[in-house]
Amino acid sequence: MEFEFKGNAIVFNRELSDLDNLVIRFVRLLEKNGVDYVIISGYIAILFGRSRNTEDVDMFLQEMDFEEFNPWWNSLVKNGFECLNAFNADEAYHEFLKRGTALRFAEKGGVIPNFEVKFPLYPHNRYALQHKLVVMLNGNPINTSELEMQIAFKLKLGSDKDFEDARHLYNVFKEHLNHGLLARHVNELKVEKAAESILWKRKG
């Protein structure tokens with residue numbers, strides 16, 4: 001898989017999976033309704049060639065008021081999505097998002113895969129939203145987390161699957177990473193020991 005770097009964007013083409021097409025549909029509805037977002041976690045490793053399944057696609061949304069949220073909710077419903085854990089827009093916004101609880105959306109009649117969306121709660125969450133990487137997948141823009149933050153965050157999560165995601169991203173992009181920035185995120189998230197064993201000492 002060949003990647004072209006253009007400023008703050010990575011451009012590449014490959015055969016789209018069903019998950020890719022679903023993600024593209026979902027984020028287009030965000031964009032059409034003026035909702036800023038960033039995808040984090042496992043889908044990023046999958047996007048860049050890691051072969052594994054995922055049950056959800058995690059993302060942060062810009063904080064917004066209900067008048068901004070409601071049109072997006074209605075757009076999702078009209079375009080074949082439904083919320084798995086809230087029955088209407090008012091409940092979804094006031095009882096979930098505003099209280100720091102994620103919403104989950106899937107295609108109508110389905111459960112997996114689903115989109116887990118929430119407002120950023122912590123400084124590194126807000127950082128991810130403010131320092132996005134644009135991925136142009138077959139001409140389709142997808143906002144993802146900065147690679148250096150994503151790798152460090154995966155080390156913070158700490159499961160074997162997360163470690164493998166971090167290792168995959170590091171190995172694919174190590175010639176293009178800002179290693180000073182990566183080290184800063186590693187230190188801020190206090191994952192120095194994990195980085196030492198998962199990234200720095202492991203070759204290939």
# chains A, B, ... in the order shown; residues from 1 in each chain; ligands from 1

$ residues_around --residues "Leu84 of chain A" --least-positions-apart "2" --cutoff "12 Å" --atoms "only C-alpha atoms" --output "PyMOL selection string"
chain A and resi 77+81-82+86-88+92+96+102-117

$ write_last_selection --atoms "C-alpha atoms" --output "mmCIF file, in the first residue's frame"
data_model
loop_
_atom_site.group_PDB
_atom_site.id
_atom_site.type_symbol
_atom_site.label_atom_id
_atom_site.label_comp_id
_atom_site.auth_asym_id
_atom_site.auth_seq_id
_atom_site.Cartn_x
_atom_site.Cartn_y
_atom_site.Cartn_z
ATOM 1 C CA VAL A 77 -32.621 8.737 10.846
ATOM 2 C CA PHE A 81 -29.182 4.891 10.822
ATOM 3 C CA GLU A 82 -30.641 4.498 14.286
ATOM 4 C CA ALA A 86 -31.395 6.575 23.072
ATOM 5 C CA PHE A 87 -34.929 6.852 21.710
ATOM 6 C CA ASN A 88 -35.037 10.463 20.548
ATOM 7 C CA ALA A 92 -29.652 11.506 23.245
ATOM 8 C CA PHE A 96 -26.082 11.071 27.051
ATOM 9 C CA ALA A 102 -21.370 7.976 24.364
ATOM 10 C CA LEU A 103 -24.132 7.415 21.835
ATOM 11 C CA ARG A 104 -24.053 4.377 19.575
ATOM 12 C CA PHE A 105 -25.419 4.433 16.024
ATOM 13 C CA ALA A 106 -25.804 1.533 13.602
ATOM 14 C CA GLU A 107 -27.615 0.857 10.365
ATOM 15 C CA LYS A 108 -31.309 0.266 11.011
ATOM 16 C CA GLY A 109 -31.905 -3.321 12.060
ATOM 17 C CA GLY A 110 -28.221 -3.882 12.851
ATOM 18 C CA VAL A 111 -25.986 -3.684 15.875
ATOM 19 C CA ILE A 112 -22.445 -4.363 14.639
ATOM 20 C CA PRO A 113 -20.554 -2.448 13.481
ATOM 21 C CA ASN A 114 -21.684 0.713 15.213
ATOM 22 C CA PHE A 115 -20.401 4.239 15.709
ATOM 23 C CA GLU A 116 -19.623 5.319 19.260
ATOM 24 C CA VAL A 117 -19.750 9.120 19.400
#

$ residues_around --residues "Leu169 of chain A" --least-positions-apart "4" --cutoff "8 Å" --atoms "only C-alpha atoms" --output "ChimeraX atom specification"
/A:45,48,147,151,165,173-174

$ write_last_selection --atoms "N, CA and C atoms" --output "CSV table (one decimal), in the first residue's frame"
chain,number,residue,atom,x,y,z
A,45,ALA,N,-6.1,1.9,12.6
A,45,ALA,CA,-5.1,0.8,12.2
A,45,ALA,C,-5.7,0.0,11.1
A,48,PHE,N,-5.3,1.7,7.7
A,48,PHE,CA,-4.0,1.7,7.2
A,48,PHE,C,-3.4,0.3,7.1
A,147,LEU,N,-1.4,10.7,14.0
A,147,LEU,CA,-0.8,9.4,14.2
A,147,LEU,C,0.0,9.3,15.5
A,151,ILE,N,-1.0,6.5,18.3
A,151,ILE,CA,-0.1,5.5,18.8
A,151,ILE,C,0.1,5.5,20.3
A,165,ASP,N,-2.2,-2.7,17.5
A,165,ASP,CA,-2.6,-1.5,16.7
A,165,ASP,C,-1.5,-0.5,16.7
A,173,PHE,N,4.4,3.8,9.6
A,173,PHE,CA,4.7,5.2,9.3
A,173,PHE,C,6.0,5.7,10.0
A,174,LYS,N,6.8,4.8,10.6
A,174,LYS,CA,7.9,5.3,11.4
A,174,LYS,C,8.9,6.2,10.6

$ residues_around --residues "Ser41 of chain A" --least-positions-apart "2" --cutoff "12 Å" --atoms "only C-alpha atoms" --output "ChimeraX atom specification"
/A:38-39,43-47,54-60,115-117,125,128,144-147,149-158,161-166,169

$ closest_residue --among "A:Glu31, A:Thr101, A:Asn171, A:Phe66" --to "Ala89 of chain A" --atoms "only C-alpha atoms"
A:Phe66
